[in-house]
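A short write-up of the structure that comes next.
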Number of protein chains: 2
Amino acid sequence: MNELRTIRAKSGTNQEGTSAHNRRVIIEAIRLNGPLSRADLARATRLTKQTISNLVENLEVDGLVASEEVVRGGRGQPSTPYRLVPEGAFALGVQIDRHLTRLVAVDLMGQEVARAVANLPPGGPVEGCKLILRLIEAMRADLTRRIPESAHRLAGLGLAMPGPFGLAPSDDETWMMAEWQAFPLVETLAAGTGLATSLQNDATACAAAERMNGSADGLDHAVCIYFGYGIGAGLILGGELYTGSNRNAGEIGMVLFSRGGTPSPLEHRSSLASLFQHLGLDSATTEAYAEVERRTLADDPRILAWLADAAADMRQAVHMVETIFDPQTVILSGSAPEPLAKRLFDAMFPLIPSNADRPGRTLPRLQLGMIGPWAVALGAAAEPIRRAFDPRFSAILKTAS
Amino acid sequence: MNELRTIRAKSGTNQEGTSAHNRRVIIEAIRLNGPLSRADLARATRLTKQTISNLVENLEVDGLVASEEVVRGGRGQPSTPYRLVPEGAFALGVQIDRHLTRLVAVDLMGQEVARAVANLPPGGPVEGCKLILRLIEAMRADLTRRIPESAHRLAGLGLAMPGPFGLAPSDDETWMMAEWQAFPLVETLAAGTGLATSLQNDATACAAAERMNGSADGLDHAVCIYFGYGIGAGLILGGELYTGSNRNAGEIGMVLFSRGGTPSPLEHRSSLASLFQHLGLDSATTEAYAEVERRTLADDPRILAWLADAAADMRQAVHMVETIFDPQTVILSGSAPEPLAKRLFDAMFPLIPSNADRPGRTLPRLQLGMIGPWAVALGAAAEPIRRAFDPRFSAILKTAS
DNA sequence: ACATTTAAGTCAAGAAGTTTGACTTAATAA
DNA sequence: TTATTAAGTCAAACTTCTTGACTTAAATGT
């Protein structure tokens, strides 16, 4: 049996995996419920008081949790709630868009602690990565100055850019990031920063942001429709972000829709790109964004006409993801100008009846999530935090030999 | 902190969870790779030889694995491969369809060891459950006679019936199982059999069958399109069956398609129901099924016409699930007559270009899976086996207090 | 006031399970 | 015949969770 055949198998686990899981469970419980006492944690996690005491002590030593004032009010010894320490961990997030890049740093709670934005230089990903590395260095230096311990507490670097990933070079002229797609982005930035680096598409990043701080906090099943230059869906399935076999899951922008005519991809019908085209604006300029915001607030009739069509397609998109994913809720988020997103959201009602119209549902079928230019970068930054601190199957398994 | 507020938290784990996971990992590794030696298992699972030895010994005592002849041929001491023992566990699966019910028993390897079929009596689920319980009793008695140890080795009972579940009573007259939907099926059959009982829709059951023995064996990301009286998708996402927040995920039959006309649900356009209607056959009779098979083999022009339209919609459905789920492969399976399914499959090529056309892919984009009337029942039976023996996140967590 | 009850949290020993390193066994290769 | 390689075992050590008794401290009831 010692031939070179590869054996497909999952990794086993041991006591360290047990402990790692239990630590993560405690952190998640406090994140979701607010400060909890050791007794609360023992009940909620089904672990013993003693185990919780040991783990909480470790977490406190590691600077991830801290005790609050004791709470009196019931019978018995008063309890000591523990809260998360925001400065317990930090992460960086980088959004790479067509013409610019945004960089944010967040803490363990997902709160933004620094931001930066810059235009991407000509010269493609080689020059772009140099710029991004310079921005990261500057931000790390600034953070170290303001929060010295942050230097040792960086959980990782999250990247987000438009998908889909890994396809053969396309002839679609709207696709302007082919160079970036072919570039070894993760490897370059991981090597340049020394940080654990991961890459997602912008819709997935948006879902990560909603899960950390937004409308999807604590939900196990949610679809986050990202409305930006393109359109996609970030998927929270079974409590975790789902990205498919090649990180291209949720690319609903490429689904063919055919409301009364020849089928065409959803994002040719309903996206900022489609609106720019409808208005004859040059999407290569950042002014187009501000122009759309102005005209929206001015009730430009051409925008209203586009809105009616786009809303019809979006209604169908919501119906589709509800039917296919059976989520607890659907969240509309994105990087569109906020007034436009709000009008689109309003114009989507009434929704098409679907399986989601069930007796006894508590969450709205569709809700508005994080909107605005920083949503993707914040989500990119949220991902390393969740990866490092959330209970996950893969966190239990043995990794190194 | 002792108020009655519910605290949301995942369960912690302990050494028993560790061991349970490692046992499952070993079983899955042998299932996927065939017989493996302890040394193979140690390398594949990253556990130590000693740990594997202990676990394998336990599994052998439990009658789940058995050693084979030693293998010579390389240097060093010859290895002793271990295989799964089919008689190590059994499970029952029940398909509840509109007019009849099918019951199968499978072993640890997913092989069928018994089957039964009966028409459902008038009187709705109350009478139907009585019949099903009688069938189950008879099959258990028969199994006990043939394989005495099976009585103590029943992992559970899997049920499958058409979805969607839990909706308000509908006015859709094609929907004939409203009574069954409203009935406490799982509770009744669990109480009547004393077995761990679970319920899925027929498409999910089909995916379970493909995963146990079919085209999806060992795949982490696959979509199984179930073509039967209705149409749905069974989802294998991240290595596990995904059923959504209310077991209604994958109901692609209810997605609105609008190829050149008013939008209508996919299953009104492409399903056995639509074919029966197209042919003017009474779907309430089991003869309709045989009639379709006959006419298909005779190249009935009305079937050929329907096939062309249905194939066009199915192409679009494949495009949709590829784009949304980014699976490794899509499997067409179902309970249609085999000649019809094969012709539909052939008529779906060429597929619509999609994100799945990536350089270097190894699996076909679309393949034919288990076809025929027993696919759903087999999948229903496969589920308790996987639930009891596959590595899963939830299997690690503490359950009882 | 004071005893009782209730609940939070700690202590120390024990139990469950994996790891370690040395050792044994048994085959092929030189 | 010897060296090498690899499978598998043994016993002790290690990590982590559990158990049950105990301590602490507050609210409640008489």
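Letters A, B, ... go to the chains of the structure tokens in the order shown; residues in each chain start at 1; ligands are counted from 1 in the same order.
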
| message | Set the cut-off to 9 Å and count only C-alpha atoms (C1' of nucleotides): what are the residues of chain A that reach chain C? Output as a ChimeraX atom specification. | response | /A:13-15,37-39,49-50,53,74-80

- Task: Taking only C-alpha atoms (C1' of nucleotides) into account, report as a list in words which residues of chain D lie within 9 Å of chain A.
- Result: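 Filtering chain D at 9 Å from chain A with only C-alpha atoms (C1' of nucleotides) gives DA6, DT15, DT16, DC17, DT18, DT24, DA25, DA26, DA27 and DT28 of chain D.
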
Restrict the selected residues to N, CA, C and O atoms (P, O5', C5', C4', C3', O3' and C1' of nucleotides) and save them as a CSV table (one decimal), in the first residue's frame.
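Output file selection12.csv follows:
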chain,number,residue,atom,x,y,z
D,6,DA,P,10.1,3.4,2.7
D,6,DA,O5',9.0,2.7,3.5
D,6,DA,C5',8.3,1.5,2.9
D,6,DA,C4',7.6,0.8,4.0
D,6,DA,C3',6.7,1.6,4.8
D,6,DA,O3',5.4,1.1,4.7
D,6,DA,C1',8.0,0.1,6.1
D,15,DT,P,1.4,19.0,27.3
D,15,DT,O5',-0.1,19.1,26.8
D,15,DT,C5',-0.4,18.6,25.5
D,15,DT,C4',-1.9,18.5,25.3
D,15,DT,C3',-2.7,19.7,26.0
D,15,DT,O3',-3.5,20.2,25.0
D,15,DT,C1',-3.6,17.6,26.7
D,16,DT,P,-4.3,21.6,25.2
D,16,DT,O5',-5.7,21.1,25.7
D,16,DT,C5',-6.5,20.2,24.8
D,16,DT,C4',-7.6,19.6,25.6
D,16,DT,C3',-8.4,20.6,26.4
D,16,DT,O3',-9.7,20.8,25.8
D,16,DT,C1',-8.0,18.6,27.6
D,17,DC,P,-10.8,21.6,26.4
D,17,DC,O5',-11.7,20.5,27.1
D,17,DC,C5',-12.3,19.5,26.3
D,17,DC,C4',-13.0,18.5,27.2
D,17,DC,C3',-14.1,19.0,28.1
D,17,DC,O3',-15.2,18.1,28.0
D,17,DC,C1',-12.5,17.9,29.5
D,18,DT,P,-16.5,18.4,28.9
D,18,DT,O5',-16.2,17.5,30.2
D,18,DT,C5',-16.0,16.1,30.1
D,18,DT,C4',-16.1,15.4,31.4
D,18,DT,C3',-17.3,15.8,32.3
D,18,DT,O3',-17.8,14.6,32.8
D,18,DT,C1',-15.3,16.1,33.5
D,24,DT,P,-14.2,31.1,50.9
D,24,DT,O5',-15.2,32.0,50.0
D,24,DT,C5',-14.8,32.2,48.6
D,24,DT,C4',-16.0,32.9,48.0
D,24,DT,C3',-16.6,34.1,48.8
D,24,DT,O3',-16.5,35.3,48.0
D,24,DT,C1',-18.3,32.7,47.9
D,25,DA,P,-16.7,36.7,48.6
D,25,DA,O5',-18.3,36.9,48.2
D,25,DA,C5',-18.6,37.0,46.8
D,25,DA,C4',-20.1,37.0,46.7
D,25,DA,C3',-20.8,38.0,47.7
D,25,DA,O3',-21.7,38.8,47.0
D,25,DA,C1',-21.9,36.0,47.8
D,26,DA,P,-21.9,40.3,47.3
D,26,DA,O5',-23.4,40.5,47.1
D,26,DA,C5',-24.0,40.4,45.9
D,26,DA,C4',-25.2,39.5,45.9
D,26,DA,C3',-26.4,40.0,46.7
D,26,DA,O3',-27.2,40.7,45.7
D,26,DA,C1',-26.1,37.7,46.9
D,27,DA,P,-28.6,41.4,46.3
D,27,DA,O5',-29.6,40.3,46.3
D,27,DA,C5',-30.1,39.7,45.1
D,27,DA,C4',-31.2,38.7,45.4
D,27,DA,C3',-32.4,39.3,46.0
D,27,DA,O3',-33.6,38.6,45.5
D,27,DA,C1',-31.5,37.7,47.5
D,28,DT,P,-35.0,39.1,45.8
D,28,DT,O5',-35.5,38.1,46.9
D,28,DT,C5',-35.4,36.7,46.6
D,28,DT,C4',-35.9,35.9,47.8
D,28,DT,C3',-37.1,36.4,48.5
D,28,DT,O3',-38.0,35.3,48.5
D,28,DT,C1',-35.4,35.9,50.0

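Within 8 Å of region 133-137 of chain B, once only C-alpha atoms (C1' of nucleotides) are used and residues closer than 3 positions along the same chain are dropped, the contacting residues are Leu103, Ala116, Cys129, Lys130, Arg140, Ala141, Leu189, Gly192 and Thr193 of chain B.
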
Exercise for the section: as a PyMOL selection string, please: all residues of region 58-282 of chain B that backbone DSSP puts in strand (DSSP E or B). Expected result: chain B and resi 65-67+71+79+81-84+90-96+100-107+112-119+154-161+197-201+222-227+231-237+240-242+256-257+264-265

Generate a file of the selected residues that holds C-alpha atoms, formatted as a PDB file, in the first residue's frame.
ATOM      1  CA  VAL B  65     -14.490  -2.819   9.251  1.00  0.00           C
ATOM      2  CA  ALA B  66     -12.657  -6.087   8.661  1.00  0.00           C
ATOM      3  CA  SER B  67      -9.147  -6.935   7.601  1.00  0.00           C
ATOM      4  CA  VAL B  71      -0.534  -7.177   0.740  1.00  0.00           C
ATOM      5  CA  SER B  79       0.298  -4.105   5.178  1.00  0.00           C
ATOM      6  CA  PRO B  81      -5.871  -3.463   4.378  1.00  0.00           C
ATOM      7  CA  TYR B  82      -9.199  -2.928   6.052  1.00  0.00           C
ATOM      8  CA  ARG B  83     -12.489  -2.816   4.197  1.00  0.00           C
ATOM      9  CA  LEU B  84     -15.960  -1.774   5.221  1.00  0.00           C
ATOM     10  CA  PHE B  90     -28.472  -0.905   7.635  1.00  0.00           C
ATOM     11  CA  ALA B  91     -31.013   1.780   6.919  1.00  0.00           C
ATOM     12  CA  LEU B  92     -34.535   1.982   5.586  1.00  0.00           C
ATOM     13  CA  GLY B  93     -35.747   4.426   2.985  1.00  0.00           C
ATOM     14  CA  VAL B  94     -39.330   5.263   2.128  1.00  0.00           C
ATOM     15  CA  GLN B  95     -40.463   7.220  -0.878  1.00  0.00           C
ATOM     16  CA  ILE B  96     -43.936   8.641  -0.616  1.00  0.00           C
ATOM     17  CA  LEU B 100     -47.717   4.781  -4.203  1.00  0.00           C
ATOM     18  CA  THR B 101     -44.955   4.227  -1.752  1.00  0.00           C
ATOM     19  CA  ARG B 102     -41.631   2.459  -2.201  1.00  0.00           C
ATOM     20  CA  LEU B 103     -39.560   1.018   0.595  1.00  0.00           C
ATOM     21  CA  VAL B 104     -35.972  -0.178   0.429  1.00  0.00           C
ATOM     22  CA  ALA B 105     -33.341  -1.347   2.870  1.00  0.00           C
ATOM     23  CA  VAL B 106     -29.670  -0.701   2.223  1.00  0.00           C
ATOM     24  CA  ASP B 107     -26.486  -1.758   3.958  1.00  0.00           C
ATOM     25  CA  GLU B 112     -30.017  -2.522  -1.646  1.00  0.00           C
ATOM     26  CA  VAL B 113     -30.861  -5.575   0.442  1.00  0.00           C
ATOM     27  CA  ALA B 114     -34.657  -5.468   0.276  1.00  0.00           C
ATOM     28  CA  ARG B 115     -37.421  -3.628  -1.531  1.00  0.00           C
ATOM     29  CA  ALA B 116     -41.170  -3.323  -1.499  1.00  0.00           C
ATOM     30  CA  VAL B 117     -43.778  -1.234  -3.275  1.00  0.00           C
ATOM     31  CA  ALA B 118     -47.445  -0.643  -2.628  1.00  0.00           C
ATOM     32  CA  ASN B 119     -50.229   1.637  -3.751  1.00  0.00           C
ATOM     33  CA  LEU B 154     -30.526  -0.124  11.848  1.00  0.00           C
ATOM     34  CA  ALA B 155     -29.102   3.362  11.575  1.00  0.00           C
ATOM     35  CA  GLY B 156     -32.415   5.002  10.871  1.00  0.00           C
ATOM     36  CA  LEU B 157     -35.307   5.652   8.556  1.00  0.00           C
ATOM     37  CA  GLY B 158     -35.110   8.134   5.703  1.00  0.00           C
ATOM     38  CA  LEU B 159     -38.246   9.553   4.130  1.00  0.00           C
ATOM     39  CA  ALA B 160     -38.551  11.346   0.834  1.00  0.00           C
ATOM     40  CA  MET B 161     -41.529  13.031  -0.714  1.00  0.00           C
ATOM     41  CA  THR B 197     -36.336   9.435  11.188  1.00  0.00           C
ATOM     42  CA  SER B 198     -35.672  12.276   8.781  1.00  0.00           C
ATOM     43  CA  LEU B 199     -37.492  13.753   5.820  1.00  0.00           C
ATOM     44  CA  GLN B 200     -36.166  15.234   2.594  1.00  0.00           C
ATOM     45  CA  ASN B 201     -37.643  16.210  -0.703  1.00  0.00           C
ATOM     46  CA  ALA B 222     -22.378  18.940  -7.101  1.00  0.00           C
ATOM     47  CA  VAL B 223     -25.905  19.707  -8.230  1.00  0.00           C
ATOM     48  CA  CYS B 224     -28.199  16.817  -8.938  1.00  0.00           C
ATOM     49  CA  ILE B 225     -31.139  17.771 -11.124  1.00  0.00           C
ATOM     50  CA  TYR B 226     -34.020  15.469 -10.364  1.00  0.00           C
ATOM     51  CA  PHE B 227     -36.373  15.005 -13.265  1.00  0.00           C
ATOM     52  CA  ILE B 231     -38.346  18.900 -11.132  1.00  0.00           C
ATOM     53  CA  GLY B 232     -35.922  19.957  -8.443  1.00  0.00           C
ATOM     54  CA  ALA B 233     -32.260  20.083  -7.589  1.00  0.00           C
ATOM     55  CA  GLY B 234     -30.477  18.175  -4.858  1.00  0.00           C
ATOM     56  CA  LEU B 235     -27.507  20.153  -3.608  1.00  0.00           C
ATOM     57  CA  ILE B 236     -24.179  18.868  -2.410  1.00  0.00           C
ATOM     58  CA  LEU B 237     -22.359  21.942  -1.156  1.00  0.00           C
ATOM     59  CA  GLU B 240     -22.749  17.953   2.619  1.00  0.00           C
ATOM     60  CA  LEU B 241     -26.321  17.886   1.458  1.00  0.00           C
ATOM     61  CA  TYR B 242     -27.730  21.383   1.652  1.00  0.00           C
ATOM     62  CA  LEU B 256     -39.828  31.335 -13.434  1.00  0.00           C
ATOM     63  CA  PHE B 257     -38.557  30.749 -16.941  1.00  0.00           C
ATOM     64  CA  SER B 264     -43.943  30.210 -15.980  1.00  0.00           C
ATOM     65  CA  PRO B 265     -42.387  27.796 -13.503  1.00  0.00           C
TER      66      PRO B 265
END

Between CA of Leu219 (chain B) and CA of Trp180 (chain A) lies a distance of 29.6 Å

- For Thr262 (chain B), list every protein, DNA or RNA residue within 12 Å, evaluated using only C-alpha atoms (C1' of nucleotides), and leave out those in the same chain fewer than 6 positions away; present the list as a list in words.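 These residues fall inside the cut-off: Ser258, Arg259, Gly260 and Gly261 of chain A; Leu256 and Arg269 of chain B.
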